[in-house]
file my_file.txt (compact mmCIF, C-alpha atoms)
# COMPACT_ATOMS: atom_id res chain seq x y z
CA MET A 1 121.29 89.74 43.39
CA GLY A 2 119.63 86.34 43.86
CA GLN A 3 116.90 87.14 41.37
CA ILE A 4 119.53 87.78 38.68
CA PHE A 5 120.42 84.10 38.93
CA CYS A 6 116.72 83.12 39.27
CA CYS A 7 117.15 82.14 42.94
CA VAL A 8 115.64 83.57 46.12
CA GLN A 9 116.20 82.86 49.82
CA VAL A 10 113.41 82.76 52.38
CA ASP A 11 114.44 83.08 56.04
CA GLN A 12 113.32 80.86 58.89
CA SER A 13 109.90 81.64 60.45
CA THR A 14 109.05 83.58 57.30
CA VAL A 15 107.18 82.75 54.12
CA ALA A 16 107.35 84.51 50.75
CA ILE A 17 104.42 85.23 48.46
CA ARG A 18 105.18 84.38 44.85
CA GLU A 19 103.25 85.99 41.98
CA THR A 20 103.26 85.35 38.27
CA PHE A 21 102.42 88.37 36.19
CA GLY A 22 100.81 89.96 39.23
CA LYS A 23 98.66 86.96 40.18
CA PHE A 24 99.18 84.90 43.32
CA ASP A 25 101.06 81.75 42.50
CA ASP A 26 102.40 80.07 45.62
CA VAL A 27 103.66 80.43 49.18
CA LEU A 28 107.37 79.77 49.46
CA GLU A 29 108.60 78.03 52.62
CA PRO A 30 111.95 78.90 54.27
CA GLY A 31 114.92 77.91 52.13
CA CYS A 32 116.25 78.53 48.62
CA HIS A 33 113.82 78.63 45.69
CA CYS A 34 114.14 78.97 41.93
CA LEU A 35 112.47 82.11 40.63
CA PRO A 36 112.43 82.42 36.80
CA TRP A 37 111.78 86.14 36.69
CA ILE A 38 112.06 86.13 32.94
CA CYS A 39 108.76 84.17 32.91
CA GLY A 40 107.02 86.92 34.90
CA THR A 41 107.55 85.31 38.33
CA GLN A 42 108.45 87.57 41.26
CA ILE A 43 108.27 87.87 45.05
CA ALA A 44 105.31 90.06 46.06
CA GLY A 45 106.40 90.21 49.71
CA HIS A 46 107.29 88.35 52.86
CA LEU A 47 105.11 87.39 55.81
CA THR A 48 106.50 86.57 59.26
CA LEU A 49 105.12 83.59 61.15
CA ARG A 50 106.50 84.75 64.51
CA VAL A 51 104.25 85.68 67.39
CA GLN A 52 103.73 89.43 67.45
CA GLN A 53 102.40 91.60 70.25
CA LEU A 54 100.16 94.62 70.10
CA ASP A 55 99.42 96.75 73.19
CA VAL A 56 96.12 98.60 72.99
CA ARG A 57 95.11 101.41 75.36
CA CYS A 58 91.37 101.92 75.48
CA GLU A 59 89.61 104.60 77.52
CA THR A 60 86.07 103.82 78.58
CA LYS A 61 83.55 104.38 81.37
CA THR A 62 82.32 101.96 84.03
CA LYS A 63 78.76 101.43 85.22
CA ASP A 64 79.32 103.80 88.17
CA ASN A 65 80.54 106.56 85.80
CA VAL A 66 84.27 106.25 86.44
CA PHE A 67 86.58 106.74 83.46
CA VAL A 68 89.30 104.10 83.22
CA THR A 69 92.04 103.29 80.75
CA VAL A 70 92.25 99.57 80.00
CA VAL A 71 95.54 98.29 78.57
CA ALA A 72 95.18 95.05 76.59
CA SER A 73 98.11 93.04 75.27
CA ILE A 74 97.27 90.99 72.14
CA GLN A 75 99.64 88.23 70.98
CA TYR A 76 98.94 86.99 67.45
CA ARG A 77 100.61 85.34 64.46
CA ALA A 78 99.87 84.48 60.85
CA ILE A 79 98.75 80.92 60.08
CA ALA A 80 101.17 79.22 57.67
CA ASN A 81 98.52 77.44 55.58
CA LYS A 82 96.53 80.68 55.31
CA ALA A 83 99.46 82.91 54.47
CA SER A 84 97.84 84.16 51.25
CA ASP A 85 94.76 85.34 53.17
CA ALA A 86 96.93 87.06 55.76
CA PHE A 87 98.95 88.79 53.04
CA TYR A 88 96.17 89.85 50.69
CA LYS A 89 93.04 90.34 52.77
CA LEU A 90 94.31 92.86 55.31
CA SER A 91 96.27 96.00 54.58
CA ASN A 92 96.56 97.10 58.26
CA THR A 93 96.51 94.12 60.60
CA ARG A 94 97.36 96.03 63.77
CA GLY A 95 94.71 98.66 63.09
CA GLN A 96 92.10 95.96 62.53
CA ILE A 97 92.95 94.19 65.78
CA GLN A 98 92.88 97.47 67.67
CA SER A 99 89.40 98.25 66.36
CA TYR A 100 88.03 94.91 67.58
CA VAL A 101 89.67 95.38 70.99
CA PHE A 102 88.07 98.84 71.33
CA ASP A 103 84.69 97.44 70.38
CA VAL A 104 84.73 94.56 72.89
CA ILE A 105 86.15 96.55 75.82
CA ARG A 106 83.76 99.44 75.35
CA ALA A 107 80.90 96.97 75.22
CA SER A 108 81.96 94.98 78.32
CA VAL A 109 83.36 97.49 80.83
CA PRO A 110 80.31 99.84 80.94
CA LYS A 111 78.28 96.90 82.31
CA LEU A 112 80.54 96.59 85.37
CA GLU A 113 81.27 98.80 88.34
CA LEU A 114 84.86 99.85 89.00
CA ASP A 115 85.58 97.18 91.63
CA SER A 116 84.09 94.51 89.38
CA VAL A 117 86.32 95.58 86.50
CA PHE A 118 89.39 94.73 88.58
CA GLU A 119 87.84 91.47 89.76
CA GLN A 120 86.64 90.33 86.31
CA LYS A 121 89.56 91.37 84.14
CA ASN A 122 90.09 87.74 83.10
CA GLU A 123 86.52 87.55 81.83
CA ILE A 124 87.08 90.76 79.85
CA ALA A 125 90.26 89.29 78.35
CA LYS A 126 88.40 86.10 77.36
CA ALA A 127 85.65 88.13 75.69
CA VAL A 128 88.24 90.10 73.70
CA GLU A 129 90.07 86.91 72.71
CA GLN A 130 86.91 85.15 71.56
CA GLU A 131 85.83 88.09 69.42
CA LEU A 132 89.28 88.49 67.89
CA GLU A 133 89.62 84.76 67.22
CA LYS A 134 86.30 84.69 65.43
CA ALA A 135 87.10 87.76 63.32
CA MET A 136 90.81 87.33 62.58
CA SER A 137 90.71 83.62 61.66
CA ALA A 138 88.94 84.59 58.46
CA TYR A 139 91.94 86.77 57.57
CA GLY A 140 94.55 84.07 58.23
CA TYR A 141 95.60 85.12 61.73
CA GLU A 142 95.59 83.21 65.01
CA ILE A 143 95.12 84.89 68.41
CA VAL A 144 97.64 83.26 70.73
CA GLN A 145 96.87 85.09 73.96
CA THR A 146 94.94 88.13 75.16
CA LEU A 147 95.83 89.79 78.47
CA ILE A 148 94.42 92.75 80.35
CA VAL A 149 97.73 94.01 81.75
CA ASP A 150 96.56 97.24 83.40
CA ILE A 151 93.46 99.09 84.51
CA GLU A 152 94.10 102.76 85.25
CA PRO A 153 91.28 104.81 86.81
CA ASP A 154 91.34 108.59 86.79
CA GLU A 155 93.98 110.06 89.10
CA HIS A 156 91.37 111.64 91.38
CA VAL A 157 89.55 108.31 91.65
CA LYS A 158 92.78 106.50 92.54
CA ARG A 159 93.50 109.06 95.23
CA ALA A 160 89.97 108.67 96.64
CA MET A 161 90.27 104.87 96.63
CA ASN A 162 93.58 105.09 98.49
CA GLU A 163 92.04 107.45 101.04
CA ILE A 164 89.10 105.06 101.57
CA ASN A 165 91.51 102.18 102.07
CA ALA A 166 93.65 104.23 104.45
CA ALA A 167 90.58 105.31 106.44
CA ALA A 168 89.39 101.72 106.75
CA ARG A 169 92.80 100.61 107.99
CA MET A 170 92.92 103.51 110.46
CA ARG A 171 89.48 102.51 111.75
CA VAL A 172 90.65 98.95 112.31
CA ALA A 173 93.80 100.24 114.02
CA ALA A 174 91.72 102.53 116.26
CA ASN A 175 89.47 99.62 117.26
CA GLU A 176 92.47 97.47 118.06
CA LYS A 177 94.06 100.29 120.06
CA ALA A 178 90.83 100.90 122.00
CA GLU A 179 90.52 97.19 122.75
CA ALA A 180 94.12 97.12 123.98
CA GLU A 181 93.51 100.15 126.21
CA LYS A 182 90.35 98.51 127.54
CA ILE A 183 92.25 95.36 128.47
CA LEU A 184 94.99 97.49 130.04
CA GLN A 185 92.48 99.43 132.15
CA ILE A 186 90.76 96.21 133.26
CA LYS A 187 94.07 94.69 134.26
CA ARG A 188 95.08 97.90 136.02
CA ALA A 189 91.76 97.96 137.91
CA GLU A 190 92.14 94.31 138.88
CA GLY A 191 95.66 95.01 140.09
CA ASP A 192 94.49 98.06 142.05
CA ALA A 193 91.67 96.07 143.66
CA GLU A 194 94.04 93.27 144.61
CA SER A 195 96.52 95.82 145.98
CA LYS A 196 93.85 97.52 148.08
CA TYR A 197 92.62 94.15 149.34
CA LEU A 198 96.11 93.16 150.42
CA ALA A 199 96.69 96.62 151.92
CA GLY A 200 93.48 96.20 153.92
CA LEU A 201 94.65 92.86 155.21
CA GLY A 202 97.94 94.46 156.19
CA ILE A 203 96.23 97.33 158.02
CA ALA A 204 93.90 94.92 159.81
CA ARG A 205 96.83 92.81 160.93
CA GLN A 206 98.73 95.93 161.95
CA ARG A 207 95.83 97.14 164.07
CA GLN A 208 95.40 93.72 165.59
CA ALA A 209 99.09 93.67 166.48
CA ILE A 210 98.79 97.16 168.04
CA VAL A 211 95.78 96.10 170.09
CA ASP A 212 97.56 92.96 171.25
CA GLY A 213 100.66 94.96 172.14
CA LEU A 214 98.67 97.55 174.06
CA ARG A 215 96.85 94.85 175.98
CA ASP A 216 100.07 93.13 176.90
CA SER A 217 101.64 96.46 177.88
CA VAL A 218 98.70 97.41 180.12
CA LEU A 219 98.73 94.02 181.82
CA ALA A 220 102.49 94.09 182.35
CA PHE A 221 102.45 97.66 183.62
CA SER A 222 99.60 96.98 186.04
CA VAL A 223 101.41 93.97 187.46
CA ASN A 224 104.81 95.65 187.80
CA VAL A 225 103.52 99.02 189.12
CA PRO A 226 101.01 98.46 191.93
CA GLY A 227 98.19 100.97 192.30
CA THR A 228 97.99 101.95 188.61
CA THR A 229 94.80 101.63 186.67
CA SER A 230 94.17 100.85 183.04
CA LYS A 231 93.29 104.50 182.47
CA ASP A 232 96.71 105.62 183.72
CA VAL A 233 98.44 103.17 181.42
CA MET A 234 96.38 104.25 178.35
CA ASP A 235 97.07 107.92 179.07
CA MET A 236 100.79 107.19 179.22
CA VAL A 237 100.65 105.19 175.97
CA LEU A 238 98.78 108.01 174.23
CA VAL A 239 101.37 110.55 175.40
CA THR A 240 104.17 108.30 174.15
CA GLN A 241 102.49 107.88 170.76
CA TYR A 242 101.86 111.63 170.61
CA PHE A 243 105.53 112.43 171.02
CA ASP A 244 106.53 109.71 168.56
CA THR A 245 104.16 111.21 166.01
CA MET A 246 105.51 114.72 166.55
CA LYS A 247 109.01 113.38 166.16
CA GLU A 248 108.19 111.76 162.80
CA ILE A 249 106.49 114.92 161.53
CA GLY A 250 109.45 117.07 162.52
CA ALA A 251 111.96 114.69 160.97
CA SER A 252 110.27 114.78 157.54
CA SER A 253 111.13 117.75 155.29
CA LYS A 254 108.13 117.18 152.99
CA SER A 255 105.44 116.50 155.56
CA ASN A 256 101.99 117.98 154.89
CA ALA A 257 100.40 116.84 158.16
CA VAL A 258 98.54 119.36 160.36
CA PHE A 259 98.12 118.43 164.02
CA ILE A 260 95.55 120.61 165.88
CA PRO A 261 95.44 121.45 168.75
CA HIS A 262 99.12 121.49 169.64
CA GLY A 263 100.55 120.91 173.08
CA PRO A 264 101.05 118.04 175.54
CA GLY A 265 97.88 119.00 177.40
CA ALA A 266 95.85 118.24 174.32
CA VAL A 267 96.61 114.56 174.70
CA LYS A 268 94.37 114.49 177.78
CA ASP A 269 91.53 115.96 175.79
CA VAL A 270 92.09 113.44 172.99
CA ALA A 271 92.15 110.61 175.51
CA SER A 272 88.96 111.88 177.13
CA GLN A 273 87.21 112.12 173.78
CA ILE A 274 88.24 108.61 172.82
CA ARG A 275 87.18 107.23 176.22
CA ASP A 276 83.85 109.07 176.16
CA GLY A 277 83.18 107.84 172.66
CA LEU A 278 83.85 104.25 173.64
CA LEU A 279 81.65 104.55 176.74
CA GLN A 280 78.78 106.06 174.73
CA ALA A 281 79.01 103.29 172.16
CA THR A 282 79.00 100.67 174.92
CA THR A 283 76.00 102.31 176.63
CA GLN A 284 74.00 102.44 173.38
CA ASP A 285 74.73 98.79 172.72
call {"tool": "encode", "arguments": {"input": "my_file.txt", "output": "structure tokens"}}
result
Amino acid sequence: MGQIFCCVQVDQSTVAIRETFGKFDDVLEPGCHCLPWICGTQIAGHLTLRVQQLDVRCETKTKDNVFVTVVASIQYRAIANKASDAFYKLSNTRGQIQSYVFDVIRASVPKLELDSVFEQKNEIAKAVEQELEKAMSAYGYEIVQTLIVDIEPDEHVKRAMNEINAAARMRVAANEKAEAEKILQIKRAEGDAESKYLAGLGIARQRQAIVDGLRDSVLAFSVNVPGTTSKDVMDMVLVTQYFDTMKEIGASSKSNAVFIPHGPGAVKDVASQIRDGLLQATTQD
């Protein structure tokens, strides 16, 4: 309708390409323009100056023969003072950019191993951006930003990488667990040694107390009962201890002690054996 009245409107962030009898005439900025169509002037088309984005998925192979899919995100826009070049020189801008991205990625990634591809994705993005900037500036386009947004190895490779990572973590966990068990065993051994040492001190003190008590008992008995010897007192003490022991064994329902031979007369034999053993040891000394 605007061309009927020889006027045309160009929207913001957009330029219009004006032709006269099919030949490029001028680039119309945003706003209202007079367009005398009766003189052969017309609008050939519009060109946006907004930043556009193109996502390119490129499958390639790494140096260690792993197939990966690299996803590159290209942000570009037409240059206002080169709008005629951007409009006339390229018929398929997105296809052209995609071809350059394929060329650079398939030239860069095969030089790197899989781990290096992840580590050097910024370098790959810079290489793509430099190549695109050099090529597309001649066609009136500016490359704003180039990003490598994703690197997708083959599914089997991803599973293997996860298993390697899991195995490494399990190995670290096993080492930590073994170290903890080692420390626990050392502490347990130290505690057991300390316990046995203290138990030994207790037994030694107990035996010393028994010896002191027996000595005092023998002396007191000898003084209070005239005519008795130390042997008579020891025999009586042994008989008393024998009956005390039998009483403790009988009172326990879970006792596993075996006392052989059995009978009061056996105490005499035990006393004789102890006395003979002491005498033999004294004689040898």
call {"tool": "atom_distance", "arguments": {"input": "my_file.txt", "atom1": "CA of Leu28 in chain A", "atom2": "CA of Ile79 in chain A"}}
result
13.7 Å
call {"tool": "closest_atom_pairs", "arguments": {"input": "my_file.txt", "of": "range 61-151 of chain A", "to": "range 48-52 of chain A", "cutoff": "12 Å", "atoms": "all atoms listed in the file", "output": "tab-separated table"}}
result
residue	atom	partner	partner_atom	distance
A:Ser73	CA	A:Gln52	CA	10.3
A:Ile74	CA	A:Gln52	CA	8.1
A:Gln75	CA	A:Gln52	CA	5.5
A:Tyr76	CA	A:Gln52	CA	5.4
A:Arg77	CA	A:Val51	CA	4.7
A:Ala78	CA	A:Leu49	CA	5.3
A:Ile79	CA	A:Leu49	CA	7.0
A:Ala80	CA	A:Leu49	CA	6.8
A:Asn81	CA	A:Leu49	CA	10.6
A:Lys82	CA	A:Leu49	CA	10.8
A:Ala83	CA	A:Leu49	CA	8.8
A:Ala86	CA	A:Thr48	CA	10.2
A:Phe87	CA	A:Thr48	CA	10.0
A:Thr93	CA	A:Gln52	CA	11.0
A:Arg94	CA	A:Gln52	CA	9.9
A:Ile97	CA	A:Gln52	CA	11.9
A:Gly140	CA	A:Leu49	CA	11.0
A:Tyr141	CA	A:Leu49	CA	9.7
A:Glu142	CA	A:Val51	CA	9.3
A:Ile143	CA	A:Val51	CA	9.2
A:Val144	CA	A:Val51	CA	7.8
A:Gln145	CA	A:Val51	CA	9.9
A:Thr146	CA	A:Gln52	CA	11.8
call {"tool": "atom_distance", "arguments": {"input": "my_file.txt", "atom1": "CA of Ala160 in chain A", "atom2": "CA of Ala72 in chain A"}}
result
24.8 Å
call {"tool": "atom_distance", "arguments": {"input": "my_file.txt", "atom1": "CA of Glu179 in chain A", "atom2": "CA of Ala167 in chain A"}}
result
18.2 Å
call {"tool": "residues_near_point", "arguments": {"input": "my_file.txt", "point": "(116.3, 86.6, 52.1)", "cutoff": "12 Å", "atoms": "all atoms listed in the file", "output": "PDB file with C-alpha atoms, keeping the file's coordinate frame"}}
result
ATOM      1  CA  MET A   1     121.290  89.740  43.390  1.00  0.00           C
ATOM      2  CA  GLY A   2     119.630  86.340  43.860  1.00  0.00           C
ATOM      3  CA  GLN A   3     116.900  87.140  41.370  1.00  0.00           C
ATOM      4  CA  CYS A   7     117.150  82.140  42.940  1.00  0.00           C
ATOM      5  CA  VAL A   8     115.640  83.570  46.120  1.00  0.00           C
ATOM      6  CA  GLN A   9     116.200  82.860  49.820  1.00  0.00           C
ATOM      7  CA  VAL A  10     113.410  82.760  52.380  1.00  0.00           C
ATOM      8  CA  ASP A  11     114.440  83.080  56.040  1.00  0.00           C
ATOM      9  CA  GLN A  12     113.320  80.860  58.890  1.00  0.00           C
ATOM     10  CA  SER A  13     109.900  81.640  60.450  1.00  0.00           C
ATOM     11  CA  THR A  14     109.050  83.580  57.300  1.00  0.00           C
ATOM     12  CA  VAL A  15     107.180  82.750  54.120  1.00  0.00           C
ATOM     13  CA  ALA A  16     107.350  84.510  50.750  1.00  0.00           C
ATOM     14  CA  LEU A  28     107.370  79.770  49.460  1.00  0.00           C
ATOM     15  CA  GLU A  29     108.600  78.030  52.620  1.00  0.00           C
ATOM     16  CA  PRO A  30     111.950  78.900  54.270  1.00  0.00           C
ATOM     17  CA  GLY A  31     114.920  77.910  52.130  1.00  0.00           C
ATOM     18  CA  CYS A  32     116.250  78.530  48.620  1.00  0.00           C
ATOM     19  CA  HIS A  33     113.820  78.630  45.690  1.00  0.00           C
ATOM     20  CA  ILE A  43     108.270  87.870  45.050  1.00  0.00           C
ATOM     21  CA  GLY A  45     106.400  90.210  49.710  1.00  0.00           C
ATOM     22  CA  HIS A  46     107.290  88.350  52.860  1.00  0.00           C
ATOM     23  CA  LEU A  47     105.110  87.390  55.810  1.00  0.00           C
TER      24      LEU A  47
END
call {"tool": "closest_residue", "arguments": {"input": "my_file.txt", "among": "A:Ser84, A:Gln42, A:Ser217, A:Ser99", "to": "Arg57 in chain A", "atoms": "only C-alpha atoms"}}
result
A:Ser99
call {"tool": "axis_aligned_box", "arguments": {"input": "my_file.txt", "around": "range 123-129 of chain A", "padding_each_side": "6 Å", "output": "JSON"}}
result
{"center_x": 88.0, "center_y": 88.4, "center_z": 77.3, "size_x": 16.6, "size_y": 16.7, "size_z": 21.1}
